[in-house]
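Structure data follow from structure-v1.pdb (PDB, C-alpha atoms):
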ATOM      1  CA  MET A   1       9.024 -30.618  27.510  1.00  0.00           C
ATOM      2  CA  LYS A   2      10.831 -29.244  24.459  1.00  0.00           C
ATOM      3  CA  GLN A   3      12.831 -26.027  24.190  1.00  0.00           C
ATOM      4  CA  PHE A   4      13.128 -23.976  21.004  1.00  0.00           C
ATOM      5  CA  LEU A   5      15.162 -20.890  20.108  1.00  0.00           C
ATOM      6  CA  LEU A   6      13.162 -18.518  17.930  1.00  0.00           C
ATOM      7  CA  THR A   7      14.775 -15.574  16.181  1.00  0.00           C
ATOM      8  CA  PRO A   8      12.450 -12.626  15.540  1.00  0.00           C
ATOM      9  CA  SER A   9      12.082 -13.617  11.881  1.00  0.00           C
ATOM     10  CA  ALA A  10      11.295 -17.229  12.774  1.00  0.00           C
ATOM     11  CA  GLY A  11       8.780 -15.943  15.296  1.00  0.00           C
ATOM     12  CA  LYS A  12       7.099 -13.864  12.597  1.00  0.00           C
ATOM     13  CA  ARG A  13       6.761 -16.931  10.382  1.00  0.00           C
ATOM     14  CA  LEU A  14       5.374 -19.004  13.261  1.00  0.00           C
ATOM     15  CA  ILE A  15       2.788 -16.342  14.097  1.00  0.00           C
ATOM     16  CA  ALA A  16       1.799 -16.137  10.441  1.00  0.00           C
ATOM     17  CA  LYS A  17       1.282 -19.872  10.058  1.00  0.00           C
ATOM     18  CA  ALA A  18      -0.859 -20.014  13.176  1.00  0.00           C
ATOM     19  CA  LEU A  19      -3.015 -17.011  12.310  1.00  0.00           C
ATOM     20  CA  THR A  20      -3.781 -18.570   8.940  1.00  0.00           C
ATOM     21  CA  ILE A  21      -5.820 -21.239  10.752  1.00  0.00           C
ATOM     22  CA  HIS A  22      -7.231 -18.932  13.441  1.00  0.00           C
ATOM     23  CA  PRO A  23     -11.022 -19.482  13.599  1.00  0.00           C
ATOM     24  CA  ALA A  24     -11.826 -15.769  13.304  1.00  0.00           C
ATOM     25  CA  VAL A  25      -9.501 -15.392  10.318  1.00  0.00           C
ATOM     26  CA  GLN A  26     -10.985 -18.422   8.616  1.00  0.00           C
ATOM     27  CA  GLY A  27     -14.465 -17.066   9.290  1.00  0.00           C
ATOM     28  CA  ALA A  28     -13.610 -13.707   7.736  1.00  0.00           C
ATOM     29  CA  LEU A  29     -12.127 -15.401   4.676  1.00  0.00           C
ATOM     30  CA  LYS A  30     -15.264 -17.498   4.190  1.00  0.00           C
ATOM     31  CA  ASN A  31     -17.970 -14.995   5.014  1.00  0.00           C
ATOM     32  CA  GLY A  32     -16.538 -11.503   5.265  1.00  0.00           C
ATOM     33  CA  THR A  33     -13.505  -9.313   4.862  1.00  0.00           C
ATOM     34  CA  LEU A  34      -9.986  -9.785   6.208  1.00  0.00           C
ATOM     35  CA  VAL A  35      -7.781  -6.715   6.547  1.00  0.00           C
ATOM     36  CA  ILE A  36      -4.050  -7.268   7.092  1.00  0.00           C
ATOM     37  CA  VAL A  37      -2.527  -3.905   7.927  1.00  0.00           C
ATOM     38  CA  ALA A  38       0.967  -3.451   6.529  1.00  0.00           C
ATOM     39  CA  GLY A  39       3.839  -4.302   8.872  1.00  0.00           C
ATOM     40  CA  THR A  40       6.863  -6.578   8.878  1.00  0.00           C
ATOM     41  CA  THR A  41       5.221  -9.333  10.944  1.00  0.00           C
ATOM     42  CA  ASN A  42       2.025  -9.049   8.934  1.00  0.00           C
ATOM     43  CA  GLY A  43       4.039  -9.410   5.732  1.00  0.00           C
ATOM     44  CA  TYR A  44       4.653 -13.039   6.660  1.00  0.00           C
ATOM     45  CA  LEU A  45       0.960 -13.469   7.366  1.00  0.00           C
ATOM     46  CA  ALA A  46      -0.006 -11.922   4.042  1.00  0.00           C
ATOM     47  CA  GLU A  47       2.277 -14.413   2.296  1.00  0.00           C
ATOM     48  CA  GLU A  48       0.705 -17.346   4.119  1.00  0.00           C
ATOM     49  CA  ILE A  49      -2.879 -16.190   3.546  1.00  0.00           C
ATOM     50  CA  LEU A  50      -2.448 -15.386  -0.134  1.00  0.00           C
ATOM     51  CA  ASN A  51      -0.535 -18.624  -0.759  1.00  0.00           C
ATOM     52  CA  SER A  52      -3.366 -20.571   0.904  1.00  0.00           C
ATOM     53  CA  LEU A  53      -5.748 -18.953  -1.577  1.00  0.00           C
ATOM     54  CA  ASN A  54      -3.392 -19.593  -4.518  1.00  0.00           C
ATOM     55  CA  ILE A  55      -3.084 -15.844  -5.108  1.00  0.00           C
ATOM     56  CA  GLN A  56       0.221 -14.713  -6.615  1.00  0.00           C
ATOM     57  CA  GLY A  57       1.931 -11.351  -6.985  1.00  0.00           C
ATOM     58  CA  PHE A  58       2.604 -10.297  -3.377  1.00  0.00           C
ATOM     59  CA  SER A  59       6.007  -9.382  -1.944  1.00  0.00           C
ATOM     60  CA  ARG A  60       6.519  -8.438   1.693  1.00  0.00           C
ATOM     61  CA  GLN A  61       9.675  -6.443   0.849  1.00  0.00           C
ATOM     62  CA  TRP A  62       7.888  -3.057   1.075  1.00  0.00           C
ATOM     63  CA  PHE A  63       4.897  -4.126   3.153  1.00  0.00           C
ATOM     64  CA  PHE A  64       5.228  -1.652   6.017  1.00  0.00           C
ATOM     65  CA  ARG A  65       4.648   1.967   6.877  1.00  0.00           C
ATOM     66  CA  GLY A  66       6.790   2.714   9.918  1.00  0.00           C
ATOM     67  CA  ILE A  67       9.830   0.698  10.967  1.00  0.00           C
ATOM     68  CA  THR A  68      12.643   0.903  13.506  1.00  0.00           C
ATOM     69  CA  MET A  69      16.259   0.693  12.395  1.00  0.00           C
ATOM     70  CA  PRO A  70      19.631   1.151  14.147  1.00  0.00           C
ATOM     71  CA  PRO A  71      20.613   4.840  14.306  1.00  0.00           C
ATOM     72  CA  ASN A  72      23.763   4.272  12.259  1.00  0.00           C
ATOM     73  CA  LYS A  73      21.805   2.543   9.484  1.00  0.00           C
ATOM     74  CA  ALA A  74      18.673   4.634   9.439  1.00  0.00           C
ATOM     75  CA  ILE A  75      17.445   5.424   5.957  1.00  0.00           C
ATOM     76  CA  ILE A  76      14.025   6.447   7.224  1.00  0.00           C
ATOM     77  CA  THR A  77      12.398   9.702   8.231  1.00  0.00           C
ATOM     78  CA  LYS A  78      11.925  10.747  11.843  1.00  0.00           C
ATOM     79  CA  GLU A  79       8.411   9.280  11.628  1.00  0.00           C
ATOM     80  CA  GLY A  80       9.902   5.882  10.749  1.00  0.00           C
ATOM     81  CA  ARG A  81       8.858   6.070   7.088  1.00  0.00           C
ATOM     82  CA  LEU A  82      10.835   5.577   3.901  1.00  0.00           C
ATOM     83  CA  PRO A  83      11.576   8.801   2.008  1.00  0.00           C
ATOM     84  CA  ASP A  84      10.257   7.100  -1.155  1.00  0.00           C
ATOM     85  CA  GLU A  85       7.117   5.004  -0.600  1.00  0.00           C
ATOM     86  CA  SER A  86       6.296   4.490  -4.269  1.00  0.00           C
ATOM     87  CA  GLN A  87       6.740   0.725  -3.897  1.00  0.00           C
ATOM     88  CA  PHE A  88       4.322   0.414  -0.976  1.00  0.00           C
ATOM     89  CA  PRO A  89       1.710  -2.146  -2.140  1.00  0.00           C
ATOM     90  CA  GLY A  90      -1.126  -1.079   0.158  1.00  0.00           C
ATOM     91  CA  ASP A  91      -2.644  -3.200   2.885  1.00  0.00           C
ATOM     92  CA  ILE A  92      -3.984  -6.665   2.146  1.00  0.00           C
ATOM     93  CA  ILE A  93      -7.765  -6.642   1.834  1.00  0.00           C
ATOM     94  CA  VAL A  94      -9.320 -10.043   1.075  1.00  0.00           C
ATOM     95  CA  SER A  95     -13.056 -10.407   0.512  1.00  0.00           C
ATOM     96  CA  GLY A  96     -14.728 -13.374  -1.150  1.00  0.00           C
ATOM     97  CA  ASN A  97     -11.267 -14.954  -1.576  1.00  0.00           C
ATOM     98  CA  VAL A  98     -10.319 -11.998  -3.779  1.00  0.00           C
ATOM     99  CA  TRP A  99      -7.349  -9.743  -3.000  1.00  0.00           C
ATOM    100  CA  GLN A 100      -8.446  -6.149  -3.528  1.00  0.00           C
ATOM    101  CA  LYS A 101      -5.026  -5.202  -4.787  1.00  0.00           C
ATOM    102  CA  GLY A 102      -3.762  -1.712  -4.079  1.00  0.00           C
ATOM    103  CA  LYS A 103      -6.410  -0.846  -1.482  1.00  0.00           C
ATOM    104  CA  THR A 104      -5.691   0.174   2.093  1.00  0.00           C
ATOM    105  CA  ILE A 105      -7.626   0.017   5.330  1.00  0.00           C
ATOM    106  CA  GLY A 106      -8.685   3.598   4.620  1.00  0.00           C
ATOM    107  CA  ASP A 107     -10.631   2.395   1.598  1.00  0.00           C
ATOM    108  CA  VAL A 108     -12.681  -0.186   3.508  1.00  0.00           C
ATOM    109  CA  ALA A 109     -12.725   0.845   7.182  1.00  0.00           C
ATOM    110  CA  ASP A 110     -16.184   2.420   7.024  1.00  0.00           C
ATOM    111  CA  THR A 111     -17.726  -0.679   5.400  1.00  0.00           C
ATOM    112  CA  LEU A 112     -16.351  -3.277   7.834  1.00  0.00           C
ATOM    113  CA  LYS A 113     -18.895  -5.080   9.983  1.00  0.00           C
ATOM    114  CA  GLU A 114     -19.194  -7.745  12.665  1.00  0.00           C
ATOM    115  CA  GLY A 115     -17.561 -10.941  11.419  1.00  0.00           C
ATOM    116  CA  ASP A 116     -14.796  -9.066   9.625  1.00  0.00           C
ATOM    117  CA  VAL A 117     -11.256  -9.106  11.039  1.00  0.00           C
ATOM    118  CA  ILE A 118      -8.459  -6.545  11.173  1.00  0.00           C
ATOM    119  CA  ILE A 119      -4.946  -7.775  11.936  1.00  0.00           C
ATOM    120  CA  LYS A 120      -2.447  -5.161  13.029  1.00  0.00           C
ATOM    121  CA  GLY A 121       1.041  -5.163  14.500  1.00  0.00           C
ATOM    122  CA  ALA A 122       2.310  -3.447  17.656  1.00  0.00           C
ATOM    123  CA  ASN A 123       5.431  -1.888  19.133  1.00  0.00           C
ATOM    124  CA  ALA A 124       4.947  -2.883  22.765  1.00  0.00           C
ATOM    125  CA  ILE A 125       3.318  -5.859  24.447  1.00  0.00           C
ATOM    126  CA  ASP A 126       2.495  -6.645  28.063  1.00  0.00           C
ATOM    127  CA  LEU A 127       2.529 -10.425  28.413  1.00  0.00           C
ATOM    128  CA  THR A 128       1.093 -10.391  31.936  1.00  0.00           C
ATOM    129  CA  HIS A 129      -2.137  -8.716  30.890  1.00  0.00           C
ATOM    130  CA  LYS A 130      -2.015  -9.809  27.218  1.00  0.00           C
ATOM    131  CA  GLN A 131      -2.189  -6.241  25.977  1.00  0.00           C
ATOM    132  CA  ALA A 132      -0.433  -4.304  23.239  1.00  0.00           C
ATOM    133  CA  ALA A 133       0.336  -0.730  22.257  1.00  0.00           C
ATOM    134  CA  LEU A 134       1.571   1.264  19.281  1.00  0.00           C
ATOM    135  CA  LEU A 135       3.998   4.083  18.741  1.00  0.00           C
ATOM    136  CA  ILE A 136       2.074   6.811  16.928  1.00  0.00           C
ATOM    137  CA  GLY A 137       3.722   9.202  14.489  1.00  0.00           C
ATOM    138  CA  HIS A 138       0.656  10.344  12.550  1.00  0.00           C
ATOM    139  CA  PRO A 139      -1.406  13.313  13.829  1.00  0.00           C
ATOM    140  CA  LYS A 140      -4.627  11.328  13.264  1.00  0.00           C
ATOM    141  CA  ALA A 141      -3.224   8.117  14.817  1.00  0.00           C
ATOM    142  CA  GLY A 142      -2.548   6.452  11.457  1.00  0.00           C
ATOM    143  CA  THR A 143      -4.124   3.110  10.649  1.00  0.00           C
ATOM    144  CA  ALA A 144      -5.092   2.601  14.292  1.00  0.00           C
ATOM    145  CA  GLY A 145      -7.206   5.719  14.059  1.00  0.00           C
ATOM    146  CA  LEU A 146      -8.988   4.158  11.068  1.00  0.00           C
ATOM    147  CA  ALA A 147      -9.422   0.729  12.654  1.00  0.00           C
ATOM    148  CA  LEU A 148     -10.749   1.598  16.105  1.00  0.00           C
ATOM    149  CA  PRO A 149     -14.118   3.069  15.027  1.00  0.00           C
ATOM    150  CA  ALA A 150     -14.867  -0.257  13.319  1.00  0.00           C
ATOM    151  CA  VAL A 151     -13.730  -2.202  16.397  1.00  0.00           C
ATOM    152  CA  PHE A 152     -15.676  -0.172  18.950  1.00  0.00           C
ATOM    153  CA  GLY A 153     -18.541   0.935  16.746  1.00  0.00           C
ATOM    154  CA  ARG A 154     -19.319  -2.239  14.797  1.00  0.00           C
ATOM    155  CA  ARG A 155     -17.674  -5.082  16.716  1.00  0.00           C
ATOM    156  CA  VAL A 156     -15.080  -5.824  14.056  1.00  0.00           C
ATOM    157  CA  LYS A 157     -12.521  -8.178  15.604  1.00  0.00           C
ATOM    158  CA  LEU A 158      -8.998  -6.830  16.052  1.00  0.00           C
ATOM    159  CA  ILE A 159      -6.094  -9.248  16.344  1.00  0.00           C
ATOM    160  CA  VAL A 160      -2.731  -7.776  17.332  1.00  0.00           C
ATOM    161  CA  ALA A 161       0.129  -9.853  15.915  1.00  0.00           C
ATOM    162  CA  ALA A 162       3.429  -9.101  17.643  1.00  0.00           C
ATOM    163  CA  GLY A 163       6.623 -10.959  18.439  1.00  0.00           C
ATOM    164  CA  LEU A 164       7.912 -11.528  21.950  1.00  0.00           C
ATOM    165  CA  GLU A 165      10.893  -9.242  21.331  1.00  0.00           C
ATOM    166  CA  LYS A 166       8.425  -6.332  21.748  1.00  0.00           C
ATOM    167  CA  ARG A 167       7.636  -7.110  25.378  1.00  0.00           C
ATOM    168  CA  VAL A 168       7.922  -4.267  27.861  1.00  0.00           C
ATOM    169  CA  THR A 169       7.506  -3.986  31.610  1.00  0.00           C
ATOM    170  CA  GLY A 170       5.023  -1.677  33.232  1.00  0.00           C
ATOM    171  CA  ASP A 171       1.380  -0.883  32.672  1.00  0.00           C
ATOM    172  CA  LEU A 172       0.698   0.277  29.119  1.00  0.00           C
ATOM    173  CA  GLN A 173      -1.905   2.825  30.217  1.00  0.00           C
ATOM    174  CA  THR A 174       0.601   4.367  32.635  1.00  0.00           C
ATOM    175  CA  ILE A 175       3.246   4.485  29.916  1.00  0.00           C
ATOM    176  CA  ALA A 176       0.742   6.130  27.573  1.00  0.00           C
ATOM    177  CA  SER A 177      -0.134   8.811  30.104  1.00  0.00           C
ATOM    178  CA  LYS A 178       3.545   9.751  30.390  1.00  0.00           C
ATOM    179  CA  ILE A 179       4.389   9.617  26.693  1.00  0.00           C
ATOM    180  CA  ASN A 180       1.251  11.504  25.623  1.00  0.00           C
ATOM    181  CA  GLU A 181       1.562  14.295  28.166  1.00  0.00           C
ATOM    182  CA  PRO A 182       1.316  17.733  26.470  1.00  0.00           C
ATOM    183  CA  GLY A 183       4.745  19.272  26.056  1.00  0.00           C
ATOM    184  CA  THR A 184       6.612  16.000  25.556  1.00  0.00           C
ATOM    185  CA  GLY A 185       8.371  15.186  22.296  1.00  0.00           C
ATOM    186  CA  GLY A 186       8.778  12.161  20.072  1.00  0.00           C
ATOM    187  CA  TYR A 187       6.246   9.461  19.272  1.00  0.00           C
ATOM    188  CA  ARG A 188       2.883   9.185  20.935  1.00  0.00           C
ATOM    189  CA  PHE A 189       1.744   5.906  22.483  1.00  0.00           C
ATOM    190  CA  MET A 190      -1.624   4.153  21.980  1.00  0.00           C
ATOM    191  CA  PRO A 191      -2.758   1.070  23.918  1.00  0.00           C
ATOM    192  CA  LEU A 192      -4.797  -1.209  21.678  1.00  0.00           C
ATOM    193  CA  PRO A 193      -7.846  -3.345  22.326  1.00  0.00           C
ATOM    194  CA  GLY A 194      -8.033  -6.733  20.681  1.00  0.00           C
ATOM    195  CA  GLU A 195      -6.567 -10.200  20.941  1.00  0.00           C
ATOM    196  CA  LEU A 196      -2.813 -10.282  21.440  1.00  0.00           C
ATOM    197  CA  PHE A 197      -1.232 -13.050  19.372  1.00  0.00           C
ATOM    198  CA  THR A 198       2.455 -13.904  19.913  1.00  0.00           C
ATOM    199  CA  GLU A 199       4.608 -16.961  19.381  1.00  0.00           C
ATOM    200  CA  LEU A 200       3.162 -18.403  22.582  1.00  0.00           C
ATOM    201  CA  GLU A 201      -0.391 -18.308  21.237  1.00  0.00           C
ATOM    202  CA  ALA A 202       0.910 -19.583  17.896  1.00  0.00           C
ATOM    203  CA  PHE A 203       2.399 -22.758  19.390  1.00  0.00           C
ATOM    204  CA  LYS A 204      -0.788 -23.378  21.368  1.00  0.00           C
ATOM    205  CA  LEU A 205      -3.050 -22.965  18.354  1.00  0.00           C
ATOM    206  CA  LEU A 206      -0.878 -25.045  16.019  1.00  0.00           C
ATOM    207  CA  CYS A 207      -0.013 -27.878  18.403  1.00  0.00           C
ATOM    208  CA  GLY A 208      -2.197 -27.692  21.502  1.00  0.00           C
ATOM    209  CA  VAL A 209       0.866 -27.279  23.723  1.00  0.00           C
ATOM    210  CA  GLU A 210       1.416 -24.848  26.570  1.00  0.00           C
ATOM    211  CA  ALA A 211       4.231 -22.451  25.703  1.00  0.00           C
ATOM    212  CA  ASP A 212       6.335 -20.322  28.048  1.00  0.00           C
ATOM    213  CA  LEU A 213       9.024 -17.721  27.465  1.00  0.00           C
ATOM    214  CA  ILE A 214      12.005 -18.865  29.533  1.00  0.00           C
ATOM    215  CA  ALA A 215      14.989 -16.810  28.286  1.00  0.00           C
ATOM    216  CA  ALA A 216      15.949 -14.297  25.636  1.00  0.00           C
ATOM    217  CA  GLY A 217      18.793 -12.639  23.778  1.00  0.00           C
ATOM    218  CA  GLY A 218      21.726 -13.674  21.638  1.00  0.00           C
ATOM    219  CA  VAL A 219      24.365 -12.510  19.166  1.00  0.00           C
ATOM    220  CA  ASN A 220      25.456 -13.117  15.585  1.00  0.00           C
ATOM    221  CA  GLY A 221      21.908 -13.014  14.245  1.00  0.00           C
ATOM    222  CA  ALA A 222      20.148 -14.157  17.428  1.00  0.00           C
ATOM    223  CA  GLU A 223      19.693 -10.638  18.820  1.00  0.00           C
ATOM    224  CA  GLY A 224      16.133 -10.387  20.070  1.00  0.00           C
ATOM    225  CA  ALA A 225      15.724 -14.169  20.014  1.00  0.00           C
ATOM    226  CA  CYS A 226      13.610 -15.992  22.586  1.00  0.00           C
ATOM    227  CA  TRP A 227      13.849 -19.401  24.198  1.00  0.00           C
ATOM    228  CA  ILE A 228      10.418 -20.983  24.416  1.00  0.00           C
ATOM    229  CA  ALA A 229       9.548 -24.124  26.368  1.00  0.00           C
ATOM    230  CA  VAL A 230       6.543 -26.105  25.181  1.00  0.00           C
ATOM    231  CA  SER A 231       4.825 -28.914  27.047  1.00  0.00           C
ATOM    232  CA  GLY A 232       2.028 -31.272  26.115  1.00  0.00           C
ATOM    233  CA  SER A 233       1.465 -34.843  25.073  1.00  0.00           C
ATOM    234  CA  ILE A 234       4.192 -36.724  23.224  1.00  0.00           C
ATOM    235  CA  GLU A 235       2.276 -36.259  19.979  1.00  0.00           C
ATOM    236  CA  GLN A 236       1.786 -32.545  20.584  1.00  0.00           C
ATOM    237  CA  GLU A 237       5.465 -31.995  21.357  1.00  0.00           C
ATOM    238  CA  GLN A 238       6.466 -33.956  18.257  1.00  0.00           C
ATOM    239  CA  THR A 239       4.175 -31.759  16.183  1.00  0.00           C
ATOM    240  CA  ALA A 240       5.801 -28.683  17.718  1.00  0.00           C
ATOM    241  CA  GLU A 241       9.239 -30.050  16.794  1.00  0.00           C
ATOM    242  CA  LYS A 242       8.163 -30.543  13.176  1.00  0.00           C
ATOM    243  CA  ILE A 243       6.714 -27.051  12.937  1.00  0.00           C
ATOM    244  CA  TYR A 244       9.813 -25.545  14.516  1.00  0.00           C
ATOM    245  CA  ALA A 245      12.106 -27.392  12.101  1.00  0.00           C
ATOM    246  CA  ALA A 246      10.138 -25.971   9.184  1.00  0.00           C
ATOM    247  CA  ILE A 247      10.310 -22.323  10.308  1.00  0.00           C
ATOM    248  CA  ALA A 248      13.518 -22.043  12.376  1.00  0.00           C
ATOM    249  CA  ASP A 249      15.811 -20.936   9.540  1.00  0.00           C
ATOM    250  CA  GLN A 250      14.364 -17.608   8.403  1.00  0.00           C
ATOM    251  CA  ASN A 251      16.486 -14.832   6.952  1.00  0.00           C
ATOM    252  CA  PRO A 252      16.296 -11.552   8.886  1.00  0.00           C
ATOM    253  CA  PHE A 253      14.305  -8.719   7.359  1.00  0.00           C
ATOM    254  CA  THR A 254      16.482  -6.345   5.360  1.00  0.00           C
ATOM    255  CA  LEU A 255      15.962  -3.429   2.992  1.00  0.00           C
TER
END

Structure encoded using C-alpha cells:
Amino acid sequence: MKQFLLTPSAGKRLIAKALTIHPAVQGALKNGTLVIVAGTTNGYLAEEILNSLNIQGFSRQWFFRGITMPPNKAIITKEGRLPDESQFPGDIIVSGNVWQKGKTIGDVADTLKEGDVIIKGANAIDLTHKQAALLIGHPKAGTAGLALPAVFGRRVKLIVAAGLEKRVTGDLQTIASKINEPGTGGYRFMPLPGELFTELEAFKLLCGVEADLIAAGGVNGAEGACWIAVSGSIEQEQTAEKIYAAIADQNPFTL
C-alpha cells in the first residue's frame, strides 16, 4: 500500500489526466461531441484534452461561471459570478477533433445525442452512494438545466468531475428538499444524475489500484487536502507513485 497527500489543485490535475483516457470520453472524441462545461476542475481537463489533440489557445484562468471564495476576499457577486465576465471563453465543445471556440453548452445542447458526453463539476458529493449535487444560482438552473434534457431525453452521458474536498454527509435528496423549500433564501440545490468521478476513480482508471480516502485537512497550502491510500500489485503501485510525482506540485487556483 502507498499513501499520497493530494491538495485540491493536484486532485484536479489527477482527475483531468484520468478523464482524458476515460472510454466514454475517448468515444465521444472519436465519434461524437464532447462538452466540457466551464468550472475550475474542468479547466484542468480542458487543458489535457486540447493538448492531447494538439490544439492551442486555451487558458483555464477564466474558465468558470460560479466560484466560491473566502468572504474577506470575495470579488464576486452574490451569485458567485465575476462582475466582469468579458474574458469568459465559453465552454469547451469538441466535435471531430475540432474545438468549436467560443460556443457554450447552450449552443449545442439540443443537438447532442447518444454517444456524446457532457462533463460537469459539482459542489457536493456523497461518496457512499457515489452521487453529486450542485448549488444553483440561476432561475432556470443554469447549465444543469440545459444538460439534463439531453441526459434524460436522449441518453447523453453525464460525467460529474469533482474533488474529494466537496464531500458532504447526509442524503443529497434530503438536503435538496430542505434547501429548495419555498420561503428559504440563498442558493438552490440540485442532485445530479451521472457518473461521479473523483480522485479515487482517477487512480483506479490510471493505475488499476483500489483507492481509499483515509484522512483530510492541512495548513499552509494543504487546506482541503486529502490523504489517499492506494493498493494493488507492485507494478500498479509503482505506476501510481510515478503519476503522483508528476502531478503533486500544482499551484493553487488564483484570480

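Take CA of Gly194 (chain A) and CA of Leu158 (chain A): the distance between them is 4.7 Å.
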
Counting all atoms listed in the file, the residue of A:Val98, A:Ala10, A:Gln3, A:Ala141 that sits nearest Gly221 (chain A): A:Ala10

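Going from CA of Ala222 (chain A) to CA of Glu165 (chain A) covers 11.2 Å.
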
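With distances taken over all atoms listed in the file, A:Gly153 is the one residue among A:Gly186, A:Gly224, A:Gly96, A:Gly153 lying closest to Thr111 (chain A).
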
Gly90 (chain A) environment, 9 Å, all atoms listed in the file, sequence neighbours closer than 3 positions dropped, as a PyMOL selection string: chain A and resi 37-38+63-64+93+101-105

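With the shown file loaded, the PyMOL selection byres ((chain A and resi 13) around 8) picks out A:Ser9, A:Ala10, A:Gly11, A:Lys12, A:Leu14, A:Ile15, A:Ala16, A:Lys17, A:Thr41, A:Tyr44, A:Leu45, A:Ile247, A:Gln250.
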
Could you write those residues out with C-alpha atoms, as a CSV table (one decimal), in the frame of the given file?
chain,number,residue,atom,x,y,z
A,9,SER,CA,12.1,-13.6,11.9
A,10,ALA,CA,11.3,-17.2,12.8
A,11,GLY,CA,8.8,-15.9,15.3
A,12,LYS,CA,7.1,-13.9,12.6
A,14,LEU,CA,5.4,-19.0,13.3
A,15,ILE,CA,2.8,-16.3,14.1
A,16,ALA,CA,1.8,-16.1,10.4
A,17,LYS,CA,1.3,-19.9,10.1
A,41,THR,CA,5.2,-9.3,10.9
A,44,TYR,CA,4.7,-13.0,6.7
A,45,LEU,CA,1.0,-13.5,7.4
A,247,ILE,CA,10.3,-22.3,10.3
A,250,GLN,CA,14.4,-17.6,8.4

Surrounding residues of Gly217 (chain A) excluding itself and chain neighbours under 2 positions, 12 Å, all atoms listed in the file, as a ChimeraX atom specification: /A:5-8,164-165,213-215,219-228

Selection from above, C-alpha atoms, as a tab-separated table (two decimals), in the coordinates of the input, can you write it?
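Ended up saving to selection_19.tsv:
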chain	number	residue	atom	x	y	z
A	5	LEU	CA	15.16	-20.89	20.11
A	6	LEU	CA	13.16	-18.52	17.93
A	7	THR	CA	14.78	-15.57	16.18
A	8	PRO	CA	12.45	-12.63	15.54
A	164	LEU	CA	7.91	-11.53	21.95
A	165	GLU	CA	10.89	-9.24	21.33
A	213	LEU	CA	9.02	-17.72	27.46
A	214	ILE	CA	12.00	-18.86	29.53
A	215	ALA	CA	14.99	-16.81	28.29
A	219	VAL	CA	24.36	-12.51	19.17
A	220	ASN	CA	25.46	-13.12	15.58
A	221	GLY	CA	21.91	-13.01	14.24
A	222	ALA	CA	20.15	-14.16	17.43
A	223	GLU	CA	19.69	-10.64	18.82
A	224	GLY	CA	16.13	-10.39	20.07
A	225	ALA	CA	15.72	-14.17	20.01
A	226	CYS	CA	13.61	-15.99	22.59
A	227	TRP	CA	13.85	-19.40	24.20
A	228	ILE	CA	10.42	-20.98	24.42

Enclose all atoms of region 119-129 of chain A listed in the file in an axis-aligned box, grow every side by 4 Å, and hand back centre and edge lengths in Å to one decimal, as lines of an AutoDock Vina configuration file.
center_x = 0.2
center_y = -6.2
center_z = 21.9
size_x = 18.4
size_y = 16.5
size_z = 28.0
